[in-house]
>>> print(open('target21.cif').read())   # mmCIF, C-alpha atoms
data_upload
#
loop_
_atom_site.label_atom_id
_atom_site.label_comp_id
_atom_site.auth_asym_id
_atom_site.auth_seq_id
_atom_site.Cartn_x
_atom_site.Cartn_y
_atom_site.Cartn_z
CA MET A 848 112.80 95.37 116.34
CA LYS A 849 110.74 92.36 115.31
CA THR A 850 108.09 92.99 112.69
CA SER A 851 105.55 91.23 114.90
CA SER A 852 106.11 93.81 117.65
CA LEU A 853 105.65 96.60 115.13
CA ILE A 854 102.36 95.04 114.00
CA ASP A 855 101.25 94.78 117.65
CA MET A 856 101.99 98.45 118.01
CA LEU A 857 100.28 99.56 114.80
CA SER A 858 97.14 97.53 115.45
CA ALA A 859 96.67 98.73 119.04
CA ASN A 860 93.71 101.14 119.38
CA VAL A 861 92.96 101.35 115.66
CA GLU A 862 91.06 104.53 114.82
CA THR A 863 88.28 104.90 112.28
CA VAL A 864 89.61 106.64 109.20
CA ASP A 865 87.84 109.36 107.24
CA ARG A 866 87.87 108.11 103.66
CA ARG A 867 87.08 111.49 102.14
CA GLN A 868 90.07 113.16 103.73
CA VAL A 869 92.28 113.41 100.60
CA PRO A 870 89.80 115.10 98.25
CA ARG A 871 88.50 117.32 101.04
CA THR A 872 91.95 118.57 102.04
CA ILE A 873 92.91 119.29 98.44
CA ALA A 874 89.62 121.06 97.73
CA THR A 875 89.98 123.16 100.89
CA ALA A 876 93.53 124.16 99.95
CA GLY A 877 92.38 125.08 96.44
CA ALA A 878 89.47 127.15 97.75
CA LEU A 879 91.65 129.02 100.26
CA GLY A 880 94.24 129.62 97.54
CA ALA A 881 91.53 131.03 95.27
CA VAL A 882 90.31 133.42 97.97
CA VAL A 883 93.87 134.66 98.60
CA ALA A 884 94.53 135.07 94.85
CA ILE A 885 91.29 136.96 94.19
CA VAL A 886 91.76 139.27 97.17
CA ALA A 887 95.37 139.92 96.08
CA VAL A 888 94.32 140.80 92.52
CA LEU A 889 91.43 143.04 93.53
CA ALA A 890 93.42 144.79 96.27
CA ALA A 891 96.74 145.21 94.45
CA LEU A 892 95.66 145.54 90.82
CA GLY A 893 91.92 146.33 90.94
CA GLY A 894 89.01 144.89 88.99
CA ARG A 895 88.94 145.37 85.24
CA ALA A 896 87.36 148.36 83.52
CA GLY A 897 84.79 148.36 80.73
CA LEU A 898 82.37 145.84 82.15
CA ALA A 899 79.42 147.86 80.85
CA ASP A 900 80.38 146.63 77.40
CA ALA A 901 78.95 143.28 76.24
CA HIS A 902 82.12 142.44 74.34
CA ALA A 903 84.24 142.88 77.48
CA ILE A 904 81.84 140.78 79.54
CA SER A 905 81.84 137.94 77.02
CA PHE A 906 85.63 138.07 76.87
CA LEU A 907 85.95 137.96 80.63
CA ALA A 908 83.57 134.99 80.65
CA GLY A 909 85.67 133.26 77.98
CA LYS A 910 88.88 133.71 79.98
CA LEU A 911 87.19 132.40 83.13
CA VAL A 912 85.84 129.35 81.29
CA PHE A 913 89.38 128.52 80.15
CA THR A 914 91.09 129.05 83.51
CA LEU A 915 88.33 127.49 85.63
CA ALA A 916 88.19 124.45 83.35
CA LEU A 917 91.94 124.11 83.92
CA VAL A 918 91.47 124.39 87.69
CA VAL A 919 88.81 121.66 87.78
CA PHE A 920 90.72 119.42 85.37
CA ALA A 921 93.98 119.81 87.33
CA LEU A 922 92.23 119.20 90.67
CA ILE A 923 90.72 115.94 89.41
CA PHE A 924 94.15 114.77 88.26
CA LEU A 925 95.79 115.89 91.45
CA GLY A 926 93.20 113.97 93.49
CA ARG A 927 94.51 110.84 91.79
CA TYR A 928 98.21 111.64 91.80
CA ALA A 929 98.11 112.48 95.49
CA ARG A 930 97.38 108.81 96.21
CA PRO A 931 99.74 105.85 95.89
CA GLY A 932 99.68 104.42 92.39
CA GLY A 933 97.63 107.36 91.05
CA GLU A 934 99.99 107.52 88.08
CA ARG A 935 98.50 104.23 86.87
CA ARG A 936 94.99 105.61 86.80
CA ALA A 937 95.28 108.96 85.04
CA PRO A 938 97.29 109.42 81.84
CA PHE A 939 99.53 112.39 82.55
CA GLY A 940 99.83 113.48 78.91
CA LEU A 941 96.19 114.62 79.01
CA ILE A 942 97.16 117.75 80.91
CA ALA A 943 98.62 119.09 77.65
CA LEU A 944 95.15 119.09 76.03
CA PRO A 945 93.81 122.41 77.40
CA PHE A 946 97.05 124.10 76.31
CA VAL A 947 96.84 122.60 72.83
CA ALA A 948 93.20 123.72 72.62
CA VAL A 949 93.87 127.33 73.62
CA VAL A 950 96.91 127.59 71.32
CA ALA A 951 94.85 126.20 68.43
CA LEU A 952 92.10 128.75 69.11
CA GLY A 953 94.71 131.49 69.31
CA LEU A 954 96.19 130.48 65.95
CA LEU A 955 92.74 130.36 64.32
CA SER A 956 91.96 133.80 65.62
CA LEU A 957 95.28 135.13 64.27
CA LEU A 958 94.64 133.57 60.87
CA ALA A 959 91.22 135.17 60.73
CA ALA A 960 92.70 138.62 61.42
CA PRO A 961 94.73 140.90 59.14
CA ARG A 962 98.47 140.49 59.56
CA ALA A 963 98.85 144.09 60.68
CA HIS A 964 96.87 143.29 63.85
CA TRP A 965 98.94 140.30 64.87
CA GLN A 966 101.41 142.11 67.00
CA ALA A 967 98.73 143.97 68.94
CA MET A 968 96.76 140.75 69.44
CA LEU A 969 99.78 138.87 70.78
CA VAL A 970 101.46 141.51 72.87
CA GLY A 971 98.40 143.41 74.12
CA ASP A 972 98.83 146.31 76.55
CA GLN A 973 99.92 144.56 79.69
CA TRP A 974 101.92 141.49 78.70
CA LEU A 975 104.65 142.23 81.23
CA GLU A 976 102.18 142.68 84.07
CA CYS A 977 100.51 139.39 83.13
CA LEU A 978 103.87 137.62 82.84
CA LEU A 979 104.87 138.67 86.35
CA SER A 980 101.51 138.64 88.14
CA ILE A 981 100.35 135.10 87.39
CA PRO A 982 103.46 133.32 88.78
CA VAL A 983 103.70 135.67 91.79
CA ILE A 984 100.02 135.35 92.70
CA ALA A 985 100.36 131.56 92.31
CA ILE A 986 102.86 131.28 95.17
CA VAL A 987 100.38 131.18 98.07
CA PRO A 988 97.93 128.81 96.32
CA PHE A 989 100.90 126.60 95.43
CA ALA A 990 102.09 126.44 99.03
CA LEU A 991 98.57 125.57 100.22
CA VAL A 992 98.06 122.85 97.61
CA MET A 993 101.49 121.33 98.27
CA TRP A 994 100.64 121.24 101.98
CA ALA A 995 97.47 119.31 101.12
CA VAL A 996 99.34 116.87 98.86
CA ARG A 997 101.94 116.26 101.57
CA ARG A 998 99.15 115.06 103.83
CA ALA A 999 98.30 112.41 101.24
CA ALA A 1000 100.84 109.98 99.74
CA PRO A 1001 101.97 110.71 96.18
CA THR A 1002 104.28 108.09 94.68
CA HIS A 1003 105.23 110.01 91.53
CA LEU A 1004 106.58 113.20 93.05
CA THR A 1005 107.49 115.04 89.84
CA ARG A 1006 104.02 114.65 88.38
CA ALA A 1007 102.25 115.38 91.66
CA GLY A 1008 104.35 118.56 91.94
CA ALA A 1009 103.57 119.49 88.33
CA LEU A 1010 99.84 119.10 88.96
CA ALA A 1011 100.05 121.19 92.14
CA GLY A 1012 101.79 123.88 90.03
CA LEU A 1013 99.09 123.58 87.37
CA VAL A 1014 96.33 123.99 89.97
CA ALA A 1015 98.07 127.02 91.50
CA GLY A 1016 98.85 128.62 88.11
CA SER A 1017 95.26 128.20 86.91
CA ILE A 1018 93.83 129.58 90.14
CA SER A 1019 96.15 132.56 89.82
CA ALA A 1020 95.21 133.10 86.17
CA THR A 1021 91.52 132.94 87.10
CA ALA A 1022 92.05 135.71 89.63
CA TYR A 1023 94.22 137.75 87.24
CA ALA A 1024 91.50 137.56 84.57
CA LEU A 1025 89.33 139.72 86.85
CA HIS A 1026 91.83 142.53 86.30
CA CYS A 1027 93.18 141.90 82.80
CA VAL A 1028 91.84 144.06 79.94
CA ASP A 1029 93.76 142.38 77.12
CA ASP A 1030 90.86 140.87 75.24
CA SER A 1031 92.35 138.68 72.55
CA VAL A 1032 92.55 134.90 72.27
CA PRO A 1033 96.21 134.85 71.12
CA PHE A 1034 97.12 136.97 74.15
CA VAL A 1035 95.43 134.49 76.50
CA ALA A 1036 97.05 131.54 74.72
CA LEU A 1037 100.52 133.06 74.89
CA TRP A 1038 100.63 134.82 78.27
CA TYR A 1039 98.09 132.86 80.31
CA GLY A 1040 99.06 129.54 78.73
CA GLY A 1041 102.77 130.34 79.04
CA THR A 1042 102.70 131.45 82.67
CA ILE A 1043 100.48 128.53 83.73
CA ALA A 1044 102.85 126.15 81.93
CA PHE A 1045 105.74 127.81 83.77
CA CYS A 1046 103.99 127.20 87.12
CA THR A 1047 103.51 123.56 86.11
CA VAL A 1048 107.20 123.12 85.27
CA ALA A 1049 108.25 124.86 88.49
CA GLY A 1050 105.96 122.52 90.45
CA ALA A 1051 107.50 119.51 88.71
CA ALA A 1052 110.98 120.72 89.66
CA LEU A 1053 110.02 121.27 93.31
CA GLY A 1054 107.91 118.10 93.70
CA PRO A 1055 110.67 115.58 94.48
CA ARG A 1056 112.16 117.87 97.11
CA LEU A 1057 108.97 119.08 98.81
CA LEU A 1058 106.72 116.04 98.58
CA ARG A 1059 109.01 113.26 99.79
CA TRP A 1060 107.59 111.17 102.61
CA MET B 346 87.05 81.11 95.91
CA PRO B 347 87.95 84.57 97.16
CA THR B 348 91.24 85.85 95.81
CA ASP B 349 94.01 87.46 97.80
CA GLU B 350 92.91 90.85 96.48
CA ASP B 351 89.33 90.42 97.70
CA GLU B 352 90.42 89.25 101.14
CA LEU B 353 93.02 91.96 101.61
CA ARG B 354 90.59 94.61 100.43
CA ASP B 355 87.92 93.45 102.87
CA LEU B 356 90.44 93.49 105.71
CA MET B 357 91.56 96.96 104.69
CA LYS B 358 88.00 98.29 104.62
CA ALA B 359 87.22 96.77 108.02
CA GLY B 360 90.44 98.30 109.37
CA LEU B 361 89.41 101.71 108.05
CA ASP B 362 86.19 101.32 110.02
CA GLY B 363 88.23 100.79 113.18
CA ASP B 364 88.31 96.95 113.31
CA ALA B 365 91.66 96.30 115.05
CA ALA B 366 91.65 92.53 114.48
CA ALA B 367 91.12 92.98 110.74
CA HIS B 368 93.84 95.63 110.65
CA ARG B 369 96.27 93.33 112.44
CA SER B 370 95.46 90.47 110.12
CA LEU B 371 95.98 92.76 107.10
CA LEU B 372 99.37 93.94 108.34
CA GLU B 373 100.46 90.36 109.11
CA ARG B 374 99.55 89.14 105.66
CA LEU B 375 101.10 92.16 103.98
CA SER B 376 104.30 91.76 105.98
CA ARG B 377 104.82 88.28 104.49
CA HIS B 378 104.29 89.57 100.96
CA LEU B 379 106.49 92.60 101.57
CA ARG B 380 109.27 90.42 103.00
CA ALA B 381 109.31 88.18 99.92
CA TYR B 382 109.19 91.24 97.67
CA TYR B 383 112.02 93.17 99.33
CA LYS B 384 114.24 90.12 99.87
CA SER B 385 114.06 89.19 96.22
CA ARG B 386 114.84 92.76 95.12
CA LEU B 387 117.64 93.41 97.60
CA SER B 388 119.35 90.02 97.32
CA ARG B 389 120.19 90.85 93.71
CA ILE B 390 122.36 93.72 94.82
CA GLY B 391 123.89 91.77 97.68
CA ARG B 392 121.97 93.42 100.53
CA SER B 393 121.14 91.54 103.73
CA ALA B 394 117.87 90.06 105.01
CA SER B 395 117.96 92.50 107.91
CA GLU B 396 117.92 95.39 105.46
CA ALA B 397 114.88 93.85 103.78
CA GLU B 398 113.25 93.65 107.21
CA ASP B 399 113.91 97.38 107.74
CA LEU B 400 112.01 98.03 104.54
CA VAL B 401 109.16 95.71 105.51
CA GLN B 402 108.72 97.71 108.68
CA GLU B 403 108.98 101.06 106.96
CA ALA B 404 106.38 99.98 104.41
CA LEU B 405 104.06 98.77 107.18
CA ILE B 406 104.35 102.11 108.99
CA ALA B 407 103.69 103.90 105.68
CA ILE B 408 100.68 101.72 104.89
CA HIS B 409 99.33 102.34 108.38
CA THR B 410 99.90 106.09 108.58
CA ARG B 411 98.75 106.72 104.99
CA ARG B 412 95.75 104.41 104.98
CA HIS B 413 93.41 107.37 104.56
CA THR B 414 94.78 107.65 101.01
CA TYR B 415 93.26 104.32 99.98
CA ASP B 416 90.12 104.83 97.93
CA PRO B 417 87.81 101.88 98.71
CA ALA B 418 86.32 102.13 95.23
CA GLU B 419 89.69 101.10 93.78
CA PRO B 420 91.56 97.76 93.97
CA PHE B 421 93.70 97.39 97.06
CA THR B 422 96.77 95.51 95.79
CA PRO B 423 98.00 98.22 93.38
CA TRP B 424 97.72 100.78 96.20
CA ALA B 425 99.82 98.66 98.58
CA TYR B 426 102.24 97.82 95.80
CA ALA B 427 102.73 101.50 94.91
CA ILE B 428 103.71 102.22 98.53
CA ALA B 429 106.05 99.21 98.65
CA ARG B 430 107.73 100.27 95.43
CA TYR B 431 107.95 103.92 96.49
CA LYS B 432 109.64 102.93 99.75
CA LEU B 433 112.06 100.68 97.85
CA ILE B 434 113.06 103.41 95.41
CA ASP B 435 113.39 105.92 98.25
CA HIS B 436 115.55 103.45 100.19
CA LEU B 437 117.82 102.81 97.21
CA ARG B 438 118.21 106.52 96.65
CA ARG B 439 119.04 107.22 100.26
CA THR B 440 121.53 104.36 100.49
CA LYS B 441 123.06 105.31 97.15
CA ALA B 442 122.38 102.04 95.37
CA ALA B 443 122.30 101.91 91.61
CA ARG B 444 118.61 101.66 90.87
CA ALA B 445 119.26 100.07 87.48
CA ASP B 446 120.42 96.84 89.14
CA VAL B 447 117.14 96.28 90.95
CA PRO B 448 114.14 95.05 88.97
CA LEU B 449 111.02 97.09 89.74
CA GLU B 450 108.30 94.95 88.19
CA ALA B 451 104.66 95.76 87.60
CA ALA B 452 101.74 95.53 90.06
CA GLY B 453 100.23 92.21 91.01
CA GLU B 454 103.71 90.94 91.72
CA ILE B 455 103.55 91.85 95.37
CA THR B 456 101.03 89.25 96.45
CA ALA B 457 102.67 86.52 94.37
CA HIS B 458 105.06 85.37 97.11
CA GLU B 459 105.15 85.04 100.87
CA ASP B 460 107.97 84.82 103.38
CA HIS B 461 107.25 83.98 107.02
CA VAL B 462 110.70 84.36 108.54
CA ASP B 463 110.46 87.32 110.90
CA THR B 464 114.08 88.38 111.41
CA GLU B 465 115.12 91.29 113.58
CA SER B 466 115.39 94.60 111.74
CA ALA B 467 118.06 97.18 112.51
CA ILE B 468 115.35 99.65 113.53
CA ASP B 469 115.68 100.36 117.24
CA LEU B 470 112.28 101.63 118.27
CA ALA B 471 113.28 102.75 121.76
CA ARG B 472 116.16 104.83 120.41
CA LEU B 473 114.07 106.38 117.63
CA MET B 474 111.26 107.18 120.07
CA ALA B 475 113.74 109.12 122.18
CA ARG B 476 114.21 111.50 119.27
CA LEU B 477 110.52 112.41 119.04
CA PRO B 478 109.03 115.43 120.82
CA ALA B 479 107.77 114.43 124.28
CA LYS B 480 104.10 114.89 123.39
CA MET B 481 104.28 112.47 120.46
CA ARG B 482 106.51 110.04 122.34
CA ASN B 483 104.14 109.85 125.31
CA ALA B 484 101.08 109.50 123.12
CA ILE B 485 102.62 106.57 121.21
CA GLN B 486 103.88 105.00 124.42
CA HIS B 487 100.45 105.13 126.07
CA VAL B 488 98.17 104.29 123.17
CA LYS B 489 100.30 102.08 120.94
CA LEU B 490 102.74 100.34 123.30
CA ASP B 491 101.05 100.24 126.72
CA GLY B 492 97.66 99.65 125.14
CA LEU B 493 95.82 102.32 127.11
CA SER B 494 92.58 103.62 125.65
CA VAL B 495 92.72 107.06 124.06
CA ALA B 496 90.52 108.39 126.88
CA GLU B 497 92.87 107.01 129.54
CA ALA B 498 95.94 108.37 127.74
CA ALA B 499 94.26 111.76 127.49
CA ARG B 500 93.55 111.79 131.23
CA ARG B 501 97.12 110.87 132.16
CA SER B 502 98.77 113.39 129.87
CA GLY B 503 96.25 116.18 130.46
CA MET B 504 95.55 116.45 126.73
CA SER B 505 92.23 116.23 124.90
CA GLU B 506 91.37 112.93 123.22
CA SER B 507 91.64 114.42 119.76
CA ALA B 508 95.05 115.90 120.64
CA VAL B 509 96.20 112.41 121.70
CA LYS B 510 94.99 110.93 118.41
CA VAL B 511 96.74 113.64 116.41
CA SER B 512 99.96 113.15 118.41
CA VAL B 513 99.92 109.40 117.77
CA HIS B 514 99.40 109.92 114.06
CA ARG B 515 102.04 112.64 113.75
CA GLY B 516 104.41 110.65 115.94
CA LEU B 517 104.21 107.60 113.68
CA LYS B 518 104.84 109.79 110.63
CA ALA B 519 107.75 111.44 112.43
CA LEU B 520 109.18 108.00 113.26
CA SER B 521 109.21 107.07 109.61
CA ALA B 522 110.87 110.39 108.76
CA VAL B 523 113.59 109.72 111.37
CA ILE B 524 114.20 106.25 109.90
CA GLY B 525 114.60 107.83 106.45
CA ARG B 526 116.99 110.50 107.69
CA GLU B 527 119.18 108.00 109.51
CA LYS B 528 119.77 106.10 106.30
CA ALA B 529 121.02 109.11 104.43
CA SER B 530 123.57 109.89 107.11
#
>>> encode(input="target21.cif", output="structure tokens")
Amino acid sequence: MKTSSLIDMLSANVETVDRRQVPRTIATAGALGAVVAIVAVLAALGGRAGLADAHAISFLAGKLVFTLALVVFALIFLGRYARPGGERRAPFGLIALPFVAVVALGLLSLLAAPRAHWQAMLVGDQWLECLLSIPVIAIVPFALVMWAVRRAAPTHLTRAGALAGLVAGSISATAYALHCVDDSVPFVALWYGGTIAFCTVAGAALGPRLLRW
Amino acid sequence: MPTDEDELRDLMKAGLDGDAAAHRSLLERLSRHLRAYYKSRLSRIGRSASEAEDLVQEALIAIHTRRHTYDPAEPFTPWAYAIARYKLIDHLRRTKAARADVPLEAAGEITAHEDHVDTESAIDLARLMARLPAKMRNAIQHVKLDGLSVAEAARRSGMSESAVKVSVHRGLKALSAVIGREKAS
């Protein structure tokens, strides 16, 4: 085929293009994923107890601030990495910052507490449930977000996949926080931070296979 | 004096608003840059001009079908370059070339050279079209090759206008996927 014939073909009946399509698709996928994750947590695990207590409420709020900040941050990055050349416009290393911040807060809170409490603060009551729930609940949001990214045109597939994993993991952690009664910063740093990081790494591993176009 | 970047960006924006002449002019200009870019990269590993032409065409299809991913607030050349480079790396991977032998320079490079020689590519459109589902094949045939309006194509195929548009878009994406798969085999 001659390139001129291809150009004839491509420029026949050119349609108007919606320029907001990429951010809108990603936001829609994220919102749907969040609904699925929240319904799954409330239906399968139930909402958390003790919300009459001001301490519990402030702790829930703190967890949500951390996980929602991650969601927003990851979505902004993903909006860039879903487009060609996005890797030139958003320094990827920045996604480590929220993790560094929560680990630093966790360490400070350990240092401020007597050594005898450390184990309880780190392991909590439900570490295993947290470890399993966050990655499992992240699966549907991950699939939705990857679908949205596939409709765009990422050119760095590992990073785009990692960011999709980060979005899904943070959405899942946000939903899980509605159930979780382990109110300690080191617990959140270790189990939330760890599982969200796992989702990010899994996304990075799947990106080149699932996002190719 | 307007630079290449400004002109290409204006053409791109007009094309996004549905201006077919601007879109054609954009693709023509890009094809010359892409040809120079791919020829210079592929000649260093002893690949033919026809193979470069395959890549030019793949990149044009990609630029066309993914044009909704261009953010008009950003410069145009780096966007086009990122697609060109992505398609080159993907091509090298599929054809098992050693990527280390091919220089993959920075942005800006792509509009530095032009090449007007339109050689025949190995892509056989008629044969590839035959591998698409009938709905997509007919939509592309009517709207993109026979030049019928979307409304006319919709009437003939008994589909809604938006279904025709979607079929054209999906069909073009499917074509580029078929081209990619053929290379790997």
>>> interface_residues(input="target21.cif", of="chain B", to="chain A", cutoff="8 Å", atoms="all atoms listed in the file", output="ChimeraX atom specification")
/B:360-366,368-369,372-373,376,398,401-402,405-406,409,411-417,423-428,431,463-470,488-490,492,494-495,522
>>> closest_residue(input="target21.cif", among="A:Ala951, A:Ser1031, A:Ala1051, A:Ala884", to="Gln966 in chain A", atoms="all atoms listed in the file")
A:Ser1031
>>> residues_near_point(input="target21.cif", point="(96.9, 129.9, 102.8)", cutoff="8 Å", atoms="only C-alpha atoms", output="list in words")
Ala876, Leu879, Gly880, Val883, Val987, Pro988, Ala990 and Leu991 of chain A
>>> closest_residue(input="target21.cif", among="B:Ala407, B:Ala475, B:Leu493, B:Ala394", to="His514 in chain B", atoms="only C-alpha atoms")
B:Ala407
>>> resolve_selection(input="target21.cif", expression="the PyMOL selection byres ((chain B and resi 526) around 12)", output="ChimeraX atom specification")
/A:1059-1060 /B:435-436,438-440,473,476,519-525,527-530
>>> resolve_selection(input="target21.cif", expression="the PyMOL selection byres ((chain A and resi 1011) around 8)", output="list in words")
Ala921, Leu925, Phe989, Val992, Met993, Ala1007, Gly1008, Ala1009, Leu1010, Gly1012, Leu1013, Val1014, Ala1015, Thr1047 and Gly1050 of chain A
>>> build_atoms(input="target21.cif", residues="range 932-947 of chain A", atoms="N, CA, C and O atoms", output="mmCIF file, in the coordinates of the input")
data_model
loop_
_atom_site.group_PDB
_atom_site.id
_atom_site.type_symbol
_atom_site.label_atom_id
_atom_site.label_comp_id
_atom_site.auth_asym_id
_atom_site.auth_seq_id
_atom_site.Cartn_x
_atom_site.Cartn_y
_atom_site.Cartn_z
ATOM 1 N N GLY A 932 100.061 105.104 93.613
ATOM 2 C CA GLY A 932 99.680 104.420 92.390
ATOM 3 C C GLY A 932 98.767 105.243 91.498
ATOM 4 O O GLY A 932 98.284 104.753 90.483
ATOM 5 N N GLY A 933 98.517 106.511 91.852
ATOM 6 C CA GLY A 933 97.630 107.360 91.050
ATOM 7 C C GLY A 933 98.107 107.490 89.612
ATOM 8 O O GLY A 933 97.305 107.650 88.699
ATOM 9 N N GLU A 934 99.439 107.379 89.423
ATOM 10 C CA GLU A 934 99.990 107.520 88.080
ATOM 11 C C GLU A 934 99.513 106.407 87.141
ATOM 12 O O GLU A 934 99.582 106.538 85.932
ATOM 13 N N ARG A 935 98.999 105.306 87.729
ATOM 14 C CA ARG A 935 98.500 104.230 86.870
ATOM 15 C C ARG A 935 97.087 104.509 86.390
ATOM 16 O O ARG A 935 96.578 103.839 85.508
ATOM 17 N N ARG A 936 96.418 105.454 87.046
ATOM 18 C CA ARG A 936 94.990 105.610 86.800
ATOM 19 C C ARG A 936 94.648 106.846 85.990
ATOM 20 O O ARG A 936 93.500 107.019 85.612
ATOM 21 N N ALA A 937 95.603 107.732 85.762
ATOM 22 C CA ALA A 937 95.280 108.960 85.040
ATOM 23 C C ALA A 937 96.438 109.280 84.100
ATOM 24 O O ALA A 937 97.521 109.597 84.550
ATOM 25 N N PRO A 938 96.209 109.172 82.792
ATOM 26 C CA PRO A 938 97.290 109.420 81.840
ATOM 27 C C PRO A 938 97.749 110.871 81.868
ATOM 28 O O PRO A 938 96.976 111.774 81.551
ATOM 29 N N PHE A 939 99.006 111.061 82.272
ATOM 30 C CA PHE A 939 99.530 112.390 82.550
ATOM 31 C C PHE A 939 99.530 113.293 81.319
ATOM 32 O O PHE A 939 99.340 114.495 81.420
ATOM 33 N N GLY A 940 99.753 112.693 80.143
ATOM 34 C CA GLY A 940 99.830 113.480 78.910
ATOM 35 C C GLY A 940 98.576 114.310 78.648
ATOM 36 O O GLY A 940 98.634 115.337 77.959
ATOM 37 N N LEU A 941 97.443 113.887 79.232
ATOM 38 C CA LEU A 941 96.190 114.620 79.010
ATOM 39 C C LEU A 941 96.244 116.069 79.476
ATOM 40 O O LEU A 941 95.483 116.903 78.979
ATOM 41 N N ILE A 942 97.148 116.368 80.425
ATOM 42 C CA ILE A 942 97.160 117.750 80.910
ATOM 43 C C ILE A 942 97.637 118.723 79.830
ATOM 44 O O ILE A 942 97.480 119.926 79.962
ATOM 45 N N ALA A 943 98.208 118.203 78.738
ATOM 46 C CA ALA A 943 98.620 119.090 77.650
ATOM 47 C C ALA A 943 97.410 119.548 76.825
ATOM 48 O O ALA A 943 97.478 120.577 76.145
ATOM 49 N N LEU A 944 96.290 118.804 76.903
ATOM 50 C CA LEU A 944 95.150 119.090 76.030
ATOM 51 C C LEU A 944 94.603 120.520 76.128
ATOM 52 O O LEU A 944 94.411 121.163 75.091
ATOM 53 N N PRO A 945 94.343 121.039 77.336
ATOM 54 C CA PRO A 945 93.810 122.410 77.400
ATOM 55 C C PRO A 945 94.761 123.426 76.761
ATOM 56 O O PRO A 945 94.318 124.388 76.132
ATOM 57 N N PHE A 946 96.070 123.180 76.912
ATOM 58 C CA PHE A 946 97.050 124.100 76.310
ATOM 59 C C PHE A 946 96.997 124.009 74.790
ATOM 60 O O PHE A 946 96.994 125.034 74.105
ATOM 61 N N VAL A 947 96.941 122.783 74.277
ATOM 62 C CA VAL A 947 96.840 122.600 72.830
ATOM 63 C C VAL A 947 95.582 123.296 72.315
ATOM 64 O O VAL A 947 95.610 124.006 71.303
#
